[in-house]
Every structure is written in C-alpha cells, then in structure tokens.
file run22.cif (mmCIF, C-alpha atoms and all ligand atoms)
data_query
loop_
_atom_site.label_atom_id
_atom_site.label_comp_id
_atom_site.auth_asym_id
_atom_site.auth_seq_id
_atom_site.Cartn_x
_atom_site.Cartn_y
_atom_site.Cartn_z
CA MET L 390 106.63 120.56 65.90
CA SER L 391 106.97 120.44 69.65
CA SER L 392 104.52 118.21 71.48
CA TRP L 393 101.40 119.30 73.34
CA PRO L 394 102.28 120.24 76.95
CA GLY L 395 98.84 120.00 78.58
CA ILE L 396 96.38 122.82 79.18
CA ILE L 397 98.14 124.58 82.06
CA ALA L 398 101.43 124.99 80.26
CA TYR L 399 99.72 125.89 76.97
CA TYR L 400 97.25 128.45 78.34
CA ARG L 401 99.14 129.52 81.44
CA GLU L 402 98.79 133.28 80.94
CA HIS L 403 94.99 132.88 80.83
CA LEU L 404 94.65 130.75 83.97
CA LYS L 405 94.44 131.81 87.59
CA VAL L 406 96.34 128.74 88.81
CA ASP L 407 99.33 130.01 90.82
CA HIS L 408 102.10 130.75 88.34
CA ARG L 409 104.69 129.16 90.63
CA ALA L 410 102.88 125.80 90.70
CA THR L 411 104.35 122.86 88.80
CA PRO L 412 101.53 121.38 86.70
CA ILE L 413 100.19 117.99 87.71
CA THR L 414 99.31 116.90 84.20
CA LEU L 415 98.55 113.93 81.98
CA LEU L 416 98.80 116.17 78.91
CA GLU L 417 95.03 116.59 78.78
CA GLY L 418 93.30 118.88 76.30
CA ASN L 419 93.98 119.57 72.61
CA THR L 420 91.05 117.31 71.76
CA PRO L 421 89.83 117.10 68.17
CA LEU L 422 87.08 119.27 66.75
CA ILE L 423 85.54 116.84 64.29
CA PRO L 424 83.38 118.05 61.39
CA ALA L 425 80.08 116.16 61.11
CA PRO L 426 78.59 117.27 57.77
CA ARG L 427 76.29 114.28 57.29
CA LEU L 428 74.76 114.63 60.73
CA ALA L 429 74.47 118.40 60.22
CA ALA L 430 72.53 117.89 56.96
CA GLU L 431 70.08 115.63 58.79
CA ILE L 432 69.48 118.31 61.41
CA ALA L 433 69.11 121.33 59.08
CA PRO L 434 70.34 122.50 55.68
CA GLY L 435 73.22 124.91 55.27
CA PHE L 436 75.12 124.96 58.52
CA ASP L 437 78.43 123.60 59.83
CA LEU L 438 78.53 121.24 62.79
CA PHE L 439 81.68 120.29 64.70
CA LEU L 440 81.93 117.86 67.59
CA LYS L 441 84.43 118.62 70.34
CA TYR L 442 85.38 115.07 71.31
CA GLU L 443 86.25 115.36 74.98
CA GLY L 444 86.18 111.61 75.51
CA LEU L 445 89.74 111.59 74.16
CA ASN L 446 91.14 113.14 77.32
CA PRO L 447 93.42 110.88 79.42
CA THR L 448 90.73 109.49 81.72
CA GLY L 449 88.02 109.65 79.05
CA SER L 450 86.14 112.85 79.85
CA PHE L 451 86.40 116.66 79.95
CA LYS L 452 86.87 116.48 83.71
CA ASP L 453 90.61 116.10 83.17
CA ARG L 454 90.84 119.77 82.18
CA GLY L 455 89.33 120.87 85.46
CA MET L 456 91.21 118.31 87.48
CA THR L 457 94.70 119.20 86.26
CA ALA L 458 94.03 122.77 87.43
CA ALA L 459 92.35 121.89 90.75
CA ILE L 460 94.96 119.31 91.74
CA THR L 461 97.89 121.45 90.60
CA GLN L 462 96.65 124.26 92.83
CA ALA L 463 95.83 121.90 95.72
CA ALA L 464 99.30 120.32 95.54
CA PHE L 465 100.89 123.76 95.44
CA GLU L 466 98.94 124.70 98.57
CA GLY L 467 100.20 121.56 100.30
CA ALA L 468 97.08 119.37 100.22
CA ARG L 469 97.64 115.69 100.98
CA ALA L 470 94.15 114.41 100.13
CA THR L 471 91.25 115.25 97.84
CA ILE L 472 87.54 114.49 97.95
CA CYS L 473 84.61 114.75 95.57
CA ALA L 474 81.07 113.63 94.96
CA SER L 475 80.55 112.19 91.51
CA THR L 476 78.31 110.50 89.01
CA GLY L 477 81.54 108.83 87.87
CA ASN L 478 83.69 110.91 85.55
CA THR L 479 84.82 113.42 88.15
CA ALA L 480 85.71 110.46 90.35
CA ALA L 481 87.94 108.88 87.71
CA ALA L 482 89.67 112.17 86.91
CA ALA L 483 90.15 113.09 90.58
CA ALA L 484 91.59 109.64 91.23
CA ALA L 485 94.08 109.80 88.37
CA TYR L 486 95.38 113.31 89.06
CA SER L 487 95.46 112.80 92.84
CA SER L 488 97.54 109.66 92.43
CA ARG L 489 99.85 111.45 90.07
CA ALA L 490 100.31 114.12 92.72
CA GLY L 491 100.89 111.51 95.42
CA MET L 492 97.68 112.38 97.27
CA ARG L 493 94.94 110.23 98.71
CA CYS L 494 91.59 110.56 96.98
CA PHE L 495 88.13 109.90 98.37
CA VAL L 496 85.19 109.72 96.01
CA LEU L 497 81.52 109.45 96.95
CA VAL L 498 79.18 107.98 94.38
CA PRO L 499 75.49 107.07 94.38
CA GLU L 500 75.23 103.33 94.90
CA GLY L 501 74.30 101.38 91.77
CA LYS L 502 74.03 104.49 89.57
CA VAL L 503 77.53 104.80 88.17
CA ALA L 504 78.63 103.32 84.84
CA ALA L 505 81.09 100.43 85.10
CA GLY L 506 83.97 102.08 83.25
CA LYS L 507 83.98 105.01 85.65
CA ILE L 508 84.09 102.89 88.80
CA ALA L 509 86.79 100.77 87.18
CA GLY L 510 88.82 103.89 86.45
CA ALA L 511 88.47 105.34 89.93
CA LEU L 512 89.48 102.02 91.50
CA ALA L 513 92.36 101.43 89.10
CA TYR L 514 93.80 104.90 89.70
CA GLY L 515 93.73 104.11 93.40
CA ALA L 516 90.87 106.17 94.84
CA GLU L 517 88.96 105.14 97.94
CA VAL L 518 85.55 104.71 96.37
CA ILE L 519 82.66 105.11 98.78
CA GLN L 520 79.14 104.28 97.63
CA ILE L 521 76.34 106.10 99.41
CA LYS L 522 72.73 105.10 99.78
CA GLY L 523 71.57 108.33 98.23
CA SER L 524 71.92 110.56 95.17
CA PHE L 525 74.76 112.63 93.75
CA ASP L 526 73.16 115.66 95.41
CA ASP L 527 73.33 113.97 98.83
CA ALA L 528 76.96 113.05 98.20
CA LEU L 529 77.80 116.64 97.28
CA THR L 530 76.24 117.94 100.49
CA MET L 531 78.36 115.45 102.45
CA VAL L 532 81.67 116.30 100.82
CA ARG L 533 81.06 120.04 101.14
CA GLU L 534 80.58 119.64 104.87
CA ILE L 535 83.47 117.29 105.49
CA SER L 536 85.92 119.42 103.49
CA GLU L 537 85.21 122.29 105.88
CA LYS L 538 86.08 120.09 108.87
CA ARG L 539 88.95 118.01 107.56
CA PRO L 540 92.11 118.88 105.62
CA VAL L 541 90.89 117.46 102.32
CA ALA L 542 90.69 119.53 99.17
CA LEU L 543 87.23 119.59 97.60
CA VAL L 544 87.63 119.06 93.84
CA ASN L 545 84.04 119.29 92.66
CA SER L 546 83.29 122.19 90.33
CA LEU L 547 82.51 124.36 93.36
CA ASN L 548 86.29 124.57 93.40
CA PRO L 549 87.03 127.62 91.20
CA TYR L 550 90.17 126.05 89.72
CA ARG L 551 88.00 123.35 88.11
CA LEU L 552 86.34 126.04 86.01
CA GLU L 553 89.69 127.63 85.24
CA GLY L 554 90.83 124.37 83.70
CA GLN L 555 87.60 123.58 81.90
CA LYS L 556 87.35 126.99 80.25
CA THR L 557 90.37 126.05 78.10
CA ALA L 558 88.06 123.97 75.90
CA ALA L 559 86.44 127.25 74.79
CA PHE L 560 89.89 128.62 73.97
CA GLU L 561 90.74 125.53 71.91
CA ILE L 562 87.51 125.84 69.94
CA CYS L 563 88.21 129.50 69.09
CA ASP L 564 91.84 128.74 68.27
CA SER L 565 90.94 125.93 65.93
CA LEU L 566 87.99 127.63 64.17
CA GLY L 567 89.77 130.98 64.09
CA ARG L 568 86.60 132.46 65.62
CA ALA L 569 83.92 131.67 68.19
CA PRO L 570 81.07 129.47 66.97
CA ASP L 571 77.54 130.89 66.68
CA TRP L 572 76.17 128.25 69.02
CA LEU L 573 77.80 126.01 71.60
CA CYS L 574 75.72 123.00 72.67
CA LEU L 575 76.48 120.78 75.62
CA PRO L 576 74.92 118.58 78.31
CA VAL L 577 74.26 120.15 81.71
CA GLY L 578 74.39 118.28 85.02
CA ASN L 579 76.01 120.02 87.98
CA ALA L 580 76.38 122.99 85.61
CA GLY L 581 80.12 123.58 86.05
CA ASN L 582 81.00 122.95 82.44
CA ILE L 583 78.55 125.36 80.81
CA SER L 584 79.71 127.99 83.33
CA ALA L 585 83.35 127.29 82.49
CA TYR L 586 82.79 127.48 78.73
CA TRP L 587 80.98 130.78 79.05
CA MET L 588 83.83 132.16 81.17
CA GLY L 589 86.31 131.00 78.55
CA PHE L 590 84.43 132.54 75.64
CA CYS L 591 83.94 135.83 77.53
CA GLU L 592 87.61 136.05 78.43
CA TYR L 593 88.81 135.29 74.91
CA HIS L 594 86.40 137.92 73.62
CA ALA L 595 87.59 140.49 76.18
CA ASN L 596 91.24 139.77 75.28
CA GLY L 597 90.54 140.34 71.62
CA LYS L 598 91.23 136.70 70.77
CA ALA L 599 87.69 136.15 69.47
CA ALA L 600 85.56 138.81 67.82
CA ALA L 601 82.26 137.45 69.16
CA ARG L 602 80.81 135.06 71.71
CA PRO L 603 78.56 132.10 71.01
CA ARG L 604 75.02 131.55 72.18
CA MET L 605 74.90 128.72 74.70
CA LEU L 606 72.48 125.84 74.35
CA GLY L 607 72.53 123.63 77.44
CA ALA L 608 70.62 120.36 77.57
CA GLN L 609 69.42 118.60 80.70
CA ALA L 610 67.78 115.18 80.81
CA ALA L 611 64.00 115.58 81.15
CA GLY L 612 63.99 113.49 84.34
CA ALA L 613 66.73 115.65 85.86
CA ALA L 614 66.00 119.15 84.62
CA PRO L 615 65.94 121.52 87.61
CA LEU L 616 67.22 124.46 85.55
CA VAL L 617 64.40 124.05 83.06
CA LEU L 618 61.72 123.49 85.69
CA GLY L 619 62.97 126.30 87.89
CA HIS L 620 63.15 124.20 91.05
CA PRO L 621 65.24 121.33 92.46
CA VAL L 622 64.33 117.77 91.49
CA GLU L 623 64.20 115.46 94.50
CA ASN L 624 64.51 112.12 92.72
CA PRO L 625 66.25 112.74 89.41
CA GLU L 626 66.17 109.81 86.98
CA THR L 627 67.66 109.39 83.53
CA VAL L 628 69.49 106.85 81.40
CA ALA L 629 72.22 109.50 81.18
CA THR L 630 73.54 108.74 84.66
CA ALA L 631 76.36 111.29 84.33
CA ILE L 632 73.80 114.11 84.49
CA ARG L 633 71.41 112.54 87.00
CA ILE L 634 71.49 115.65 89.20
CA GLY L 635 68.60 117.45 90.88
CA ARG L 636 70.35 120.36 92.62
CA PRO L 637 73.17 121.68 90.41
CA ALA L 638 75.87 123.47 92.38
CA ARG L 639 76.54 125.95 89.58
CA GLY L 640 72.89 126.32 88.58
CA GLU L 641 72.67 130.10 89.02
CA GLN L 642 75.83 130.66 87.02
CA ALA L 643 74.58 128.38 84.25
CA LEU L 644 71.29 130.25 83.97
CA GLN L 645 73.22 133.50 83.83
CA ALA L 646 75.44 132.12 81.05
CA ALA L 647 72.38 131.11 79.08
CA GLU L 648 70.80 134.52 79.54
CA GLU L 649 73.88 136.65 78.89
CA SER L 650 74.64 134.69 75.74
CA ASN L 651 71.08 134.98 74.49
CA GLY L 652 70.91 131.19 74.62
CA ARG L 653 68.92 128.77 76.74
CA ILE L 654 68.82 125.56 78.73
CA ILE L 655 66.32 122.98 77.55
CA ALA L 656 65.26 119.44 78.44
CA VAL L 657 65.65 116.37 76.22
CA THR L 658 63.99 113.04 76.88
CA ASP L 659 65.87 109.79 77.40
CA ASP L 660 64.57 108.64 74.00
CA GLU L 661 65.97 111.73 72.32
CA ILE L 662 69.28 111.22 74.10
CA LEU L 663 69.52 107.55 73.10
CA THR L 664 68.53 108.24 69.49
CA MET L 665 71.32 110.81 69.14
CA TRP L 666 73.74 108.57 71.04
CA ARG L 667 73.20 105.81 68.43
CA ARG L 668 73.43 108.33 65.60
CA LEU L 669 76.77 109.64 66.87
CA ALA L 670 78.15 106.11 67.02
CA ARG L 671 77.17 105.69 63.35
CA GLU L 672 79.32 108.73 62.72
CA GLY L 673 82.21 106.84 64.31
CA ILE L 674 81.92 108.81 67.53
CA PHE L 675 81.19 106.56 70.48
CA VAL L 676 80.20 108.54 73.55
CA GLU L 677 78.39 107.79 76.77
CA PRO L 678 74.64 108.57 76.71
CA ALA L 679 74.88 111.89 78.63
CA SER L 680 77.36 113.17 76.07
CA ALA L 681 74.75 113.01 73.34
CA ALA L 682 72.37 115.36 75.16
CA GLY L 683 73.82 118.57 73.70
CA VAL L 684 73.52 117.36 70.10
CA ALA L 685 70.08 115.92 70.89
CA GLY L 686 69.07 119.37 72.16
CA LEU L 687 70.33 121.02 68.98
CA ALA L 688 68.38 118.58 66.80
CA LYS L 689 65.24 119.06 68.88
CA GLU L 690 65.33 122.85 68.77
CA SER L 691 65.86 122.78 65.03
CA ARG L 692 63.15 120.15 64.44
CA GLU L 693 60.65 122.11 66.49
CA GLY L 694 61.39 125.34 64.65
CA ARG L 695 63.08 127.26 67.44
CA LEU L 696 66.49 127.58 65.80
CA ASN L 697 67.52 129.15 62.54
CA LEU L 698 70.79 127.46 61.73
CA SER L 699 71.20 128.75 58.20
CA GLY L 700 74.84 129.73 57.65
CA ALA L 701 75.72 129.06 61.29
CA THR L 702 78.80 127.41 62.74
CA VAL L 703 77.81 125.18 65.63
CA VAL L 704 80.02 123.27 68.05
CA ALA L 705 78.53 120.49 70.15
CA VAL L 706 80.60 119.20 73.02
CA VAL L 707 80.57 115.43 73.43
CA THR L 708 81.81 115.13 76.95
CA GLY L 709 82.77 111.53 77.72
CA HIS L 710 83.91 108.36 75.97
CA GLY L 711 81.48 105.55 75.15
CA LEU L 712 83.70 102.94 76.76
CA LYS L 713 82.82 104.49 80.11
CA ASP L 714 79.40 102.86 79.92
CA PRO L 715 79.66 99.52 78.09
CA ASP L 716 76.42 98.26 79.65
CA ALA L 717 74.44 101.00 77.94
CA VAL L 718 75.37 99.38 74.61
CA ILE L 719 75.32 95.74 75.57
CA GLN L 720 71.85 95.95 77.14
CA ARG L 721 70.44 97.40 73.91
CA ALA L 722 72.40 95.51 71.26
CA PRO L 723 71.00 92.55 69.32
CA GLU L 724 72.29 89.20 70.54
CA MET L 725 75.60 88.31 68.96
CA LYS L 726 75.67 85.30 66.67
CA ILE L 727 77.75 82.25 67.53
CA ILE L 728 78.85 79.86 64.78
CA PRO L 729 81.16 76.85 64.53
CA ALA L 730 84.77 77.67 63.64
CA GLU L 731 84.18 76.65 60.00
CA VAL L 732 84.34 78.81 56.92
CA GLU L 733 81.17 77.16 55.52
CA ALA L 734 79.20 78.43 58.49
CA LEU L 735 80.59 81.91 58.00
CA ASP L 736 79.83 81.79 54.29
CA LYS L 737 76.25 80.82 55.01
CA LEU L 738 75.86 83.57 57.57
CA ILE L 739 77.15 86.49 55.48
CA GLY L 740 75.70 85.22 52.19
N1 LIG T 801 78.80 114.92 80.50
C1 LIG T 801 79.42 114.00 81.25
C2 LIG T 801 79.96 112.81 80.57
C3 LIG T 801 79.56 114.20 82.64
O1 LIG T 801 80.19 113.28 83.36
C4 LIG T 801 79.02 115.35 83.23
C5 LIG T 801 79.12 115.58 84.67
C6 LIG T 801 78.37 116.27 82.40
C7 LIG T 801 78.29 116.03 81.04
C8 LIG T 801 77.77 117.53 82.92
O2 LIG T 801 78.74 118.45 83.31
O3 LIG T 801 78.17 118.66 85.71
O4 LIG T 801 79.63 120.32 84.58
O5 LIG T 801 77.20 120.23 84.08
N2 LIG T 801 79.59 114.74 85.48
C9 LIG T 801 79.85 115.00 86.90
C10 LIG T 801 80.62 113.84 87.50
C11 LIG T 801 78.68 115.42 87.68
O6 LIG T 801 80.55 113.61 88.70
O7 LIG T 801 81.35 113.18 86.77
P1 LIG T 801 78.43 119.48 84.49
#

call {"tool": "encode", "arguments": {"input": "run22.cif", "output": "structure tokens", "more": "lines below"}}
Ligand code: F0G
result
Amino acid sequence: MSSWPGIIAYYREHLKVDHRATPITLLEGNTPLIPAPRLAAEIAPGFDLFLKYEGLNPTGSFKDRGMTAAITQAAFEGARATICASTGNTAAAAAAYSSRAGMRCFVLVPEGKVAAGKIAGALAYGAEVIQIKGSFDDALTMVREISEKRPVALVNSLNPYRLEGQKTAAFEICDSLGRAPDWLCLPVGNAGNISAYWMGFCEYHANGKAAARPRMLGAQAAGAAPLVLGHPVENPETVATAIRIGRPARGEQALQAAEESNGRIIAVTDDEILTMWRRLAREGIFVEPASAAGVAGLAKESREGRLNLSGATVVAVVTGHGLKDPDAVIQRAPEMKIIPAEVEALDKLIG
C-alpha cells in the first residue's frame, strides 16, 4: 500500500487550491475515526458513536488541514510572511507550515490565556509570538487591518483556503464510514471548522460521493456563546481557552450551516466540558478541554430529551491533543505519591 500523501495530494480534485501549487505539507489528515461503544451506551441506547481524533495531526490539532492549504496557496502566490490571531492551535500550525515554506510567521495571542503546549509549539517552530493585552477578538481585528496594509498573508479562517483544507475531514469521515453520519458534533469557536465541515459534506453530497448530509450539532462554551445568545460577548471566559471567542469571524456561515442541516448550535457549561473531557481520557482519548465540547453537547442534548439517537450513526470531532494543555490536567489531578526507592514501600502502597 502506498503511503498517505497529505490532504492536498489526496483530495486535490476537490480543492480550490491552485492546481499548479506544490503542496507545503506535513502529511496531515487521514486521522482515525475511533468507535466509542461504551461511551455511546452511557449517552443513549442503540446508536453508534465515532470520534474523529484530530489531535493526531502533525502539530496536534485540526488546524493543520487548513494550514497546509492556506500556506500552499500563499507560497504559490509569492508570500514571504504570514500572520494570524490565535487562541493557540492556529498559531502552532501557522508556525510549522510557514517555517516549512521558508516564510516568517507572526502570531498574536491573548496574554496569559493560551495553553502551554501551544505556545511551546509556536515558539519551537520559529514563529514570532506576540502577546497582546486583549482578547482573541482584539487580536483578530488587529491582524485583519495589518494584513491589508502590509504584505503578510492572513491565515486565520477568514482565509478561504483554510476552509478548503478543513473540509477534507468531512470527506474522510464519509470515505471511512461509506456514508455521511446522521449527526456531526463539534466545538465552535471562531466558527471556521463547522463552516468547513458543512461545505465538505455538501460538496460530497453534490458529487454523489455521499447519499445524504448530516445534521450539525455545534457546541460553544456557555461563557463564550455568541451564536447561542445571538449577540457578541465582550468578555468571553471559559476553561476551554481554545474557544474563548466572543465575536466569531465565521458566525453567520456557522448559523447557516446549522439551519440548512436542520441542526443547531448550543451552549455547554465548563463543568459539562470538563466532565466529558475526563470521560474521554478514560476511553484512552486524551484531548484538550475545548475538544470535549462537541461530545459534551451530544450528551447534554440526549440527556435533556432533545435528541432521538436510536439507530443513528454519530461522529464527534475531537479537535486537539490533550498534551497541548498539560496544566489543565495537572491542576486538577490528585497529588502524586512519593515513596522511597524500596520494594517494601511499593508493596505497602499497592497492597
Ligand atoms: N477546538 C480547538 C482545539 C481549537 O483550537 C479551536 C479553535 C476550535 C475547536 C474551534 O474551531 O474556531 O473553527 O470554530 N481554535 C482557534 C485557534 C481559534 O486560534 O487555534 P473554530
């Protein structure tokens, strides 16, 4: 079997990235769709649940799909530098792909609100990391303006190539199930990903590659839920720092995706997010807190009687790796035991 070539080479005919461009790739994509029957049975009887484990992409999140496309196109168009605002994962992905393309990369992040693993990634890959005394939303406003003045390519999901890349996750899900799922659940922050998935499912349906389209269930954190409230949130707050966003750039498109798919966008509390985050880890799937929001939303809707899952096939996207946010675990874990280096002490402890 030949090896996986990355999403641009694999899905080239479906992507609007210039066909002459040489892919800037780290062989992202082709992530596992993991069955979770025990977790499914706890949520509701008689349905199939699969987790699309996007934390296994090269920089540890789904952003790599969007970034390979955005940076490939930017490099083809002759860009020498990229810029983005980020809650962390976009920053790490932009940094890695920019470096691979030989470009400078500037990332703006909200000071003190980005998980350690993401900052570490962005720095290691060689980005110029700029912390701002403000929110993600402020940072996005800044990079939008500067990218109109300066020759730097904006690689936030306002960049249409980001969505082109990210829609390939929908293709992979259909290819591996042999059909579209009945529901697709995922966390929503800046709302690029839900928009990209919906685009992907619609295109596969239109091309005859999938007979149906799923209903979309997006989940925002209750403290950062502008799409649920119907207005921007000035001071968003949530333990799920990846989705701590009050003015989503792709908000309109996300609401449209929810409506067209006969789905919805709901809010889940930090407690609900953390409970599902722990539960996923007990399934062997360690994600960052934000990544658990989609599954938490599914469980909540089912628990509160708003979802009939009987006979359904559901895919929940878990968007980023748990190692991105080690502090989230360490702050909540029981203190580790320390014993002398003697087998008697160990015997006593485990006995
Ligand atoms: N999950 C994770 C782990 C994320 O990092 C993000 C967004 C989302 C979900 C939500 O996706 O924004 O397309 O609705 N992170 C962005 C960033 C904002 O800067 O890394 P979205």

call {"tool": "residues_near_ligand", "arguments": {"input": "run22.cif", "ligand": "ligand LIG 801 (chain T)", "cutoff": "7 Å", "atoms": "all atoms listed in the file", "output": "JSON, numbers by chain"}}
result
{"L": [450, 474, 475, 476, 477, 478, 479, 480, 576, 577, 578, 579, 580, 581, 582, 583, 631, 632, 677, 679, 680, 708, 709]}

call {"tool": "residues_around", "arguments": {"input": "run22.cif", "residues": "range 603-609 of chain L", "least_positions_apart": "6", "cutoff": "7 Å", "atoms": "all atoms listed in the file", "output": "ChimeraX atom specification"}}
result
/L:569-578,647,650-657,682-683,686

call {"tool": "closest_residue", "arguments": {"input": "run22.cif", "among": "L:Asp736, L:Arg671, L:Ser391, L:Gly491", "to": "Gly467 in chain L", "atoms": "all atoms listed in the file"}}
result
L:Gly491

call {"tool": "axis_aligned_box", "arguments": {"input": "run22.cif", "around": "range 417-436 of chain L", "padding_each_side": "6 Å", "output": "JSON"}}
result
{"center_x": 82.1, "center_y": 119.6, "center_z": 67.0, "size_x": 37.9, "size_y": 22.7, "size_z": 35.5}

call {"tool": "residues_around", "arguments": {"input": "run22.cif", "residues": "Arg401 in chain L", "least_positions_apart": "3", "cutoff": "12 Å", "atoms": "all atoms listed in the file", "output": "MDAnalysis selection string"}}
result
chainID L and resid 394:398 404:412 458 553:554 557 560

call {"tool": "closest_residue", "arguments": {"input": "run22.cif", "among": "L:Arg667, L:Asp437, L:Ala705, L:Cys563", "to": "Ala722 in chain L", "atoms": "all atoms listed in the file"}}
result
L:Arg667

call {"tool": "closest_atom_pairs", "arguments": {"input": "run22.cif", "of": "range 639-734 of chain L", "to": "range 543-549 of chain L", "cutoff": "12 Å", "atoms": "only C-alpha atoms", "output": "JSON lines"}}
result
{"residue": "L:Arg639", "atom": "CA", "partner": "L:Leu547", "partner_atom": "CA", "distance": 7.2}
{"residue": "L:Gly640", "atom": "CA", "partner": "L:Leu547", "partner_atom": "CA", "distance": 10.9}
{"residue": "L:Gln642", "atom": "CA", "partner": "L:Leu547", "partner_atom": "CA", "distance": 11.2}

call {"tool": "residues_around", "arguments": {"input": "run22.cif", "residues": "Val622 in chain L", "least_positions_apart": "4", "cutoff": "7 Å", "atoms": "all atoms listed in the file", "output": "VMD selection string"}}
result
chain L and resid 613 615 635 to 636

call {"tool": "closest_residue", "arguments": {"input": "run22.cif", "among": "L:Leu428, L:Ala638, L:Gly694, L:Ala542", "to": "Thr530 in chain L", "atoms": "all atoms listed in the file"}}
result
L:Ala638

call {"tool": "residues_around", "arguments": {"input": "run22.cif", "residues": "Asn446 in chain L", "least_positions_apart": "2", "cutoff": "9 Å", "atoms": "only C-alpha atoms", "output": "PyMOL selection string"}}
result
chain L and resi 415-420+442-444+448-454+709-710

call {"tool": "residues_around", "arguments": {"input": "run22.cif", "residues": "range 517-528 of chain L", "least_positions_apart": "2", "cutoff": "8 Å", "atoms": "all atoms listed in the file", "output": "JSON, numbers by chain"}}
result
{"L": [474, 475, 476, 493, 494, 495, 496, 497, 498, 499, 500, 508, 511, 512, 515, 530, 531, 532, 624, 633, 634, 635, 636, 637]}

call {"tool": "closest_residue", "arguments": {"input": "run22.cif", "among": "L:His620, L:Lys713, L:Lys726, L:Lys441", "to": "Pro424 in chain L", "atoms": "only C-alpha atoms"}}
result
L:Lys441

call {"tool": "closest_residue", "arguments": {"input": "run22.cif", "among": "L:Tyr550, L:Thr414, L:Pro540, L:Trp666", "to": "Ala459 in chain L", "atoms": "all atoms listed in the file"}}
result
L:Tyr550

call {"tool": "closest_residue", "arguments": {"input": "run22.cif", "among": "L:Leu644, L:Leu696, L:Leu687, L:Ala484", "to": "Met665 in chain L", "atoms": "only C-alpha atoms"}}
result
L:Leu687

call {"tool": "atom_distance", "arguments": {"input": "run22.cif", "atom1": "CA of Ser488 in chain L", "atom2": "CA of Gln555 in chain L"}}
result
20.1 Å

call {"tool": "atom_distance", "arguments": {"input": "run22.cif", "atom1": "CA of Glu661 in chain L", "atom2": "CA of Ala629 in chain L"}}
result
11.1 Å
